[in-house]
Structure formats: structure tokens, C-alpha cells
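Each remark here refers to the structure printed beneath this line.
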Amino acid sequence: MTKLSVVIITLNEERNIARCLNSVATVADEILVVDSISTDRTKEICQQYRVRFVEHPFEGYIGQKNYATRLATHNHILSLDADEALSDTLKHSISEAKKHFDADGFTMNRYTNYCGKWIKHCGWYPDVKLRLFNRTKGLWGGINPHDRFIMEKGSTFSHLEGDLLHYSYHTESDHHRQIDRFTDIAARAYYEAGKKPSFIKQWASPLAKFMRDYYFNLGFLDGEAGLKICLLSAKATYLKYSKLKKLWRLERS
């Protein structure tokens, strides 16, 4: 049977980490937590489990995940965020995959809980993620903070049954704080890549984002939570380009 390293990066995740660790206990041959010097009880909680705990200054999401992936003992990796957990069906699917591991990478559907409500639309489900893979076949890439594992050409894939349960935001205030932080990171990443904002990007993209998620992706079927999510997603799109515009303006001043 293929040995599996479960790799998790953390920063102040005392609210979530125990749930995540409990969910992977039956499928993990190694659990590696790479922590960005938490100041809460994250380390204390991890030490109560069968966990290899490593502290490493944050390199950005892509850099941190590549570091953590290299540090793992086994080549086959299940990468999770601390606010995620495996459903029972997904645990079974991963256990079966370990018997043969007949693909280079395995995708799964992520199912998000927003302020206590499971979201089935808004473009949030099925949110297909590649999280189980052979690390020798690729690297983490993308644009911070939206990392993704990019596999080499010719890699083979399979899809697992079951959901990756994502406990995203406990309150709407949590969502606002995350938007502010992530749009800072995204604007900086775009700026460093030389991307410039246009009038259309700044103003039309948020509207298009709302229309797509609320109407075409049926966000209205998620009720009040769906409306909040779609409005805040549009706001995040606007802020990303607004902050990017400010960075270019500062360079010229």
C-alpha cells in the first residue's frame, strides 16, 4: 500500500486544527504541520496528536506549500488547509486510492460552510481541487494567494468520491478581514508580475463576477447567505484592481 504524507500549513489555527487532524488520522502515514510561528494554541494542540510539527517563517502561500511538500517523508501527498476536513466518503475513497495509486493526481469536490450554512451554489460547489498527488510530478504555482498544484504535462488524473469539507468563515466579519488581506496579496502579486489595471477590469469585472455567481451559478438559491457571498466576491474583485491601481500610482509619484 502506498505511504501517504498529509501536509498542512498553519498560522493561528487553534479553532480549526483539531478537526482537520482528527479527519485524516485513519489515512495518514505521516502528518506534517508547517506552522508560520503561530501565537495561539496551534502548536499545543498539534502536540496532542501524531504530528511532525515544523516552524517556518511564512514565504507566501505558494512558497510555503512548496517548502512543506519538499519536507514530507513520502512522495504521495494529501495537502489540506487547517480549516478543511475529510468527509467519511472521501476518507474511504483515499484509503482505496492508496491501495494502487493508479493516477498521478486525484481531484475532489470541496464543499464550503459559510457562517454555519453549507453553500451549494455561487460557484462554490462543486469546487474541484487537486489535493492528492505524487509530488515528483509537479510544483505549487499560480498567483498568490490563489495557489494550485501544477502537474507536469502527461500526468494522469482521477476524481475521488466524497467531499472536502471547508469551514471557511465563522462570521461575516471574518470574510471582510480575509478579503482585505487577500486583495492586498493579490494586488501585490499582480504588480510584481507587471500587470496593470484597466478601467474595464476595475469596474466591469466586479459586475460580471456578481452576475455570474448570483444568476448563472444560481447563488440566489442559497438565500441570504448566497447574496452576501456574491456581493462580497464582487467587492473583492473591485478591491484587487483598485489596490493594484494604487500601487502603480505610488510608483509614478
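By convention here, the chains of the C-alpha cells are called A, B, ... in the order presented, each chain's residues are numbered starting at 1, and ligands are numbered starting at 1 in the order presented.
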- prompt: Using only C-alpha atoms, which residues sit within 8 Å of Asn12 of chain A once same-chain residues fewer than 2 positions away are excluded, as an NGL selection string?
  reply: :A and (10 or 14 or 38-42)
message: I'd like to know which residues of segment 17-134 of chain A are alpha helix (DSSP H) (by DSSP, run on the backbone); could you write them as a ChimeraX atom specification?
response: /A:17-24,42-46,61-71,88-100
field: Per-residue DSSP, segment 39-152 of chain A, filtered to strand (DSSP E or B), as a VMD selection string
entry: chain A and resid 52 to 55 76 to 81 84 to 86 105 to 114 117 to 119 127 to 134 138 to 143 146 to 151
message: Which residues are near Glu55 of chain A? Cut-off 10 Å, only C-alpha atoms, ignore same chain within fewer than 6 positions. Put them as a ChimeraX atom specification.
response: /A:9-11,33-38,43
Put those residues in a file: C-alpha atoms, as a CSV table (one decimal), in the first residue's frame.
chain,number,residue,atom,x,y,z
A,9,ILE,CA,0.3,24.8,6.6
A,10,THR,CA,-1.0,26.8,9.6
A,11,LEU,CA,-1.0,30.2,11.3
A,33,VAL,CA,2.3,20.6,10.0
A,34,VAL,CA,4.4,23.5,8.8
A,35,ASP,CA,3.5,26.5,11.0
A,36,SER,CA,4.2,30.1,10.4
A,37,ILE,CA,5.1,30.9,14.0
A,38,SER,CA,1.6,30.9,15.5
A,43,LYS,CA,1.3,24.1,18.4
- prompt: Looking at only C-alpha atoms, which of A:Ala189, A:Thr183, A:Ile77, A:Trp118 is the one that sits closest to Lys137 of chain A?
  reply: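 Ranked by minimum distance to Lys137 of chain A, first place goes to A:Ile77.
Excluding Arg19 of chain A itself and same-chain residues fewer than 6 positions from it, the residues having an atom within 12 Å of it are Glu13, Ala25, Ile45, Cys46, Tyr49, Leu80, Asp81, Ala82, Asp83, Glu84, Ala85, Leu86, Ser87, Leu165, His166 and Tyr167 of chain A, counting only C-alpha atoms.
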Selection to disk with N, CA and C atoms, as a PDB file, in the first residue's frame:
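Output saved as part13.pdb:
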ATOM      1  N   GLU A  13      -4.330  28.653  14.025  1.00  0.00           N
ATOM      2  CA  GLU A  13      -5.479  27.842  13.618  1.00  0.00           C
ATOM      3  C   GLU A  13      -6.045  27.024  14.782  1.00  0.00           C
ATOM      4  N   ALA A  25      -6.684  11.062  10.452  1.00  0.00           N
ATOM      5  CA  ALA A  25      -5.952  10.093  11.278  1.00  0.00           C
ATOM      6  C   ALA A  25      -5.908   8.699  10.671  1.00  0.00           C
ATOM      7  N   ILE A  45      -1.962  22.229  20.520  1.00  0.00           N
ATOM      8  CA  ILE A  45      -2.967  21.262  20.071  1.00  0.00           C
ATOM      9  C   ILE A  45      -2.328  20.192  19.195  1.00  0.00           C
ATOM     10  N   CYS A  46      -1.462  20.597  18.273  1.00  0.00           N
ATOM     11  CA  CYS A  46      -0.807  19.630  17.380  1.00  0.00           C
ATOM     12  C   CYS A  46       0.023  18.620  18.158  1.00  0.00           C
ATOM     13  N   TYR A  49      -1.348  15.236  19.079  1.00  0.00           N
ATOM     14  CA  TYR A  49      -1.607  14.282  18.003  1.00  0.00           C
ATOM     15  C   TYR A  49      -0.292  13.707  17.475  1.00  0.00           C
ATOM     16  N   LEU A  80      -3.802  19.747   2.710  1.00  0.00           N
ATOM     17  CA  LEU A  80      -5.011  20.340   3.261  1.00  0.00           C
ATOM     18  C   LEU A  80      -4.698  21.673   3.913  1.00  0.00           C
ATOM     19  N   ASP A  81      -5.717  22.533   3.964  1.00  0.00           N
ATOM     20  CA  ASP A  81      -5.654  23.714   4.811  1.00  0.00           C
ATOM     21  C   ASP A  81      -6.257  23.345   6.160  1.00  0.00           C
ATOM     22  N   ALA A  82      -5.887  24.082   7.193  1.00  0.00           N
ATOM     23  CA  ALA A  82      -6.325  23.739   8.542  1.00  0.00           C
ATOM     24  C   ALA A  82      -7.834  23.834   8.707  1.00  0.00           C
ATOM     25  N   ASP A  83      -8.500  24.649   7.883  1.00  0.00           N
ATOM     26  CA  ASP A  83      -9.953  24.791   8.007  1.00  0.00           C
ATOM     27  C   ASP A  83     -10.706  23.800   7.123  1.00  0.00           C
ATOM     28  N   GLU A  84     -10.014  22.745   6.691  1.00  0.00           N
ATOM     29  CA  GLU A  84     -10.632  21.695   5.889  1.00  0.00           C
ATOM     30  C   GLU A  84     -10.611  20.368   6.637  1.00  0.00           C
ATOM     31  N   ALA A  85     -11.519  19.480   6.248  1.00  0.00           N
ATOM     32  CA  ALA A  85     -11.592  18.144   6.839  1.00  0.00           C
ATOM     33  C   ALA A  85     -12.175  17.183   5.806  1.00  0.00           C
ATOM     34  N   LEU A  86     -11.890  15.897   5.967  1.00  0.00           N
ATOM     35  CA  LEU A  86     -12.376  14.893   5.034  1.00  0.00           C
ATOM     36  C   LEU A  86     -13.738  14.370   5.464  1.00  0.00           C
ATOM     37  N   SER A  87     -14.673  14.284   4.517  1.00  0.00           N
ATOM     38  CA  SER A  87     -15.935  13.596   4.809  1.00  0.00           C
ATOM     39  C   SER A  87     -15.650  12.098   4.907  1.00  0.00           C
ATOM     40  N   LEU A 165     -14.530  19.000   3.180  1.00  0.00           N
ATOM     41  CA  LEU A 165     -15.377  19.933   3.919  1.00  0.00           C
ATOM     42  C   LEU A 165     -14.566  21.158   4.325  1.00  0.00           C
ATOM     43  N   HIS A 166     -15.037  22.327   3.894  1.00  0.00           N
ATOM     44  CA  HIS A 166     -14.300  23.571   4.096  1.00  0.00           C
ATOM     45  C   HIS A 166     -15.096  24.479   5.033  1.00  0.00           C
ATOM     46  N   TYR A 167     -14.555  24.704   6.237  1.00  0.00           N
ATOM     47  CA  TYR A 167     -15.208  25.562   7.226  1.00  0.00           C
ATOM     48  C   TYR A 167     -14.605  26.957   7.088  1.00  0.00           C
TER      49      TYR A 167
END
message: I need the residue nearest Glu224 of chain A from this list: A:Val27, A:Cys122, A:Cys20, A:Leu207. Use only C-alpha atoms for the distance.
response: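 Checking each of A:Val27, A:Cys122, A:Cys20, A:Leu207 against Glu224 of chain A, counting only C-alpha atoms, the winner is A:Cys122.
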Segment 235-241 of chain A environment, 6 Å, only C-alpha atoms, sequence neighbours closer than 2 positions dropped, as a list in words: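 Neighbouring residues, sequence-local ones excluded: Ile179, Thr183, Ala187, Pro197, Gln202, Pro206, Leu232, Ser233, Lys243 and Leu244 of chain A.
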task: Write out as a ChimeraX atom specification which residues come within 10 Å of Thr73 of chain A when counting only C-alpha atoms, dropping same-chain ones fewer than 6 positions away.
output: /A:3-6,29-32
message: Would you compute the distance between atom CA of Ala234 of chain A and atom CA of Phe210 of chain A? Give it in Å to one decimal.
response: 5.4 Å
task: Report the distance between atom CA of Val54 of chain A and atom CA of Thr69 of chain A in Å, rounded to one decimal place.
output: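 Straight-line distance from atom CA of Val54 of chain A to atom CA of Thr69 of chain A works out to 12.2 Å.
Candidate residues A:Gln47, A:Ser168, A:Thr156, A:Asn134 were compared for distance to Asn113 of chain A, and the nearest is A:Ser168, using only C-alpha atoms.
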- prompt: Do you know which residues are at most 12 Å from Leu139 of chain A counting only C-alpha atoms, after dropping those on the same chain fewer than 3 positions away, and could you put them as number ranges by chain?
  reply: A: 62-70, 77, 130-131, 133-136, 142, 147-152
Quick one: write out the picked residues with N, CA and C atoms as a short mmCIF file (atom, residue, chain, number, x, y, z; two decimals), in the first residue's frame?
data_model
loop_
_atom_site.label_atom_id
_atom_site.label_comp_id
_atom_site.auth_asym_id
_atom_site.auth_seq_id
_atom_site.Cartn_x
_atom_site.Cartn_y
_atom_site.Cartn_z
N ILE A 62 2.34 30.04 -1.97
CA ILE A 62 3.00 29.13 -2.91
C ILE A 62 4.33 28.66 -2.36
N GLY A 63 5.15 29.60 -1.90
CA GLY A 63 6.45 29.24 -1.35
C GLY A 63 6.34 28.34 -0.14
N GLN A 64 5.39 28.64 0.75
CA GLN A 64 5.23 27.84 1.96
C GLN A 64 4.78 26.42 1.65
N LYS A 65 3.88 26.29 0.69
CA LYS A 65 3.40 24.95 0.34
C LYS A 65 4.47 24.14 -0.38
N ASN A 66 5.28 24.79 -1.22
CA ASN A 66 6.38 24.06 -1.85
C ASN A 66 7.40 23.61 -0.80
N TYR A 67 7.68 24.47 0.16
CA TYR A 67 8.60 24.10 1.24
C TYR A 67 8.06 22.91 2.01
N ALA A 68 6.79 22.97 2.39
CA ALA A 68 6.19 21.90 3.16
C ALA A 68 6.14 20.60 2.38
N THR A 69 5.83 20.69 1.09
CA THR A 69 5.76 19.49 0.25
C THR A 69 7.13 18.82 0.14
N ARG A 70 8.19 19.63 0.00
CA ARG A 70 9.55 19.06 -0.07
C ARG A 70 9.94 18.39 1.24
N ILE A 77 1.30 12.86 -1.53
CA ILE A 77 0.92 13.95 -0.62
C ILE A 77 -0.58 14.18 -0.66
N LEU A 130 -7.37 19.79 -6.76
CA LEU A 130 -6.35 18.74 -6.85
C LEU A 130 -5.56 18.79 -5.55
N ARG A 131 -5.77 17.82 -4.68
CA ARG A 131 -5.11 17.85 -3.38
C ARG A 131 -4.34 16.57 -3.03
N PHE A 133 -1.66 13.93 -4.62
CA PHE A 133 -0.78 13.87 -5.80
C PHE A 133 0.57 13.27 -5.47
N ASN A 134 1.26 12.89 -6.53
CA ASN A 134 2.66 12.47 -6.46
C ASN A 134 3.52 13.73 -6.62
N ARG A 135 4.25 14.09 -5.57
CA ARG A 135 4.98 15.37 -5.60
C ARG A 135 6.08 15.42 -6.65
N THR A 136 6.53 14.26 -7.13
CA THR A 136 7.58 14.26 -8.14
C THR A 136 7.05 14.69 -9.50
N GLY A 142 0.69 29.23 -9.51
CA GLY A 142 -0.46 30.13 -9.50
C GLY A 142 -0.02 31.54 -9.16
N ASP A 147 -3.08 29.68 -4.72
CA ASP A 147 -2.13 28.66 -5.12
C ASP A 147 -2.85 27.45 -5.71
N ARG A 148 -2.12 26.70 -6.52
CA ARG A 148 -2.62 25.42 -7.02
C ARG A 148 -1.43 24.54 -7.39
N PHE A 149 -1.61 23.24 -7.25
CA PHE A 149 -0.55 22.31 -7.60
C PHE A 149 -0.61 22.06 -9.10
N ILE A 150 0.48 22.40 -9.80
CA ILE A 150 0.52 22.30 -11.26
C ILE A 150 1.34 21.07 -11.63
N MET A 151 0.70 20.11 -12.27
CA MET A 151 1.36 18.86 -12.61
C MET A 151 1.94 18.92 -14.02
N GLU A 152 3.00 18.17 -14.21
CA GLU A 152 3.70 18.19 -15.49
C GLU A 152 2.84 17.59 -16.61
#
Which segment 20-76 of chain A residues have any atom within 10 Å of an atom of segment 89-106 of chain A, and for each, what is the nearest pair of atoms with distance in Å to one decimal, counting only C-alpha atoms, rows sorted by chain and number, as JSON lines?
{"residue": "A:Ser23", "atom": "CA", "partner": "A:Lys91", "partner_atom": "CA", "distance": 7.9}
{"residue": "A:Val24", "atom": "CA", "partner": "A:Lys91", "partner_atom": "CA", "distance": 7.5}
{"residue": "A:Ala25", "atom": "CA", "partner": "A:Lys91", "partner_atom": "CA", "distance": 9.6}
{"residue": "A:Thr26", "atom": "CA", "partner": "A:Lys91", "partner_atom": "CA", "distance": 7.8}
{"residue": "A:Val27", "atom": "CA", "partner": "A:Ser95", "partner_atom": "CA", "distance": 6.0}
{"residue": "A:Ala28", "atom": "CA", "partner": "A:Ser95", "partner_atom": "CA", "distance": 9.3}
{"residue": "A:His76", "atom": "CA", "partner": "A:Phe101", "partner_atom": "CA", "distance": 8.9}
- prompt: Nearest to His170 of chain A: which of A:Cys230, A:Phe58, A:Lys246, A:Cys115 is it, counting only C-alpha atoms?
  reply: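 Closest residue, counting only C-alpha atoms: A:Cys115.
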query: So how many Å separate atom CA of Tyr214 of chain A and atom CA of Gly226 of chain A, to one decimal?
result: 7.3 Å
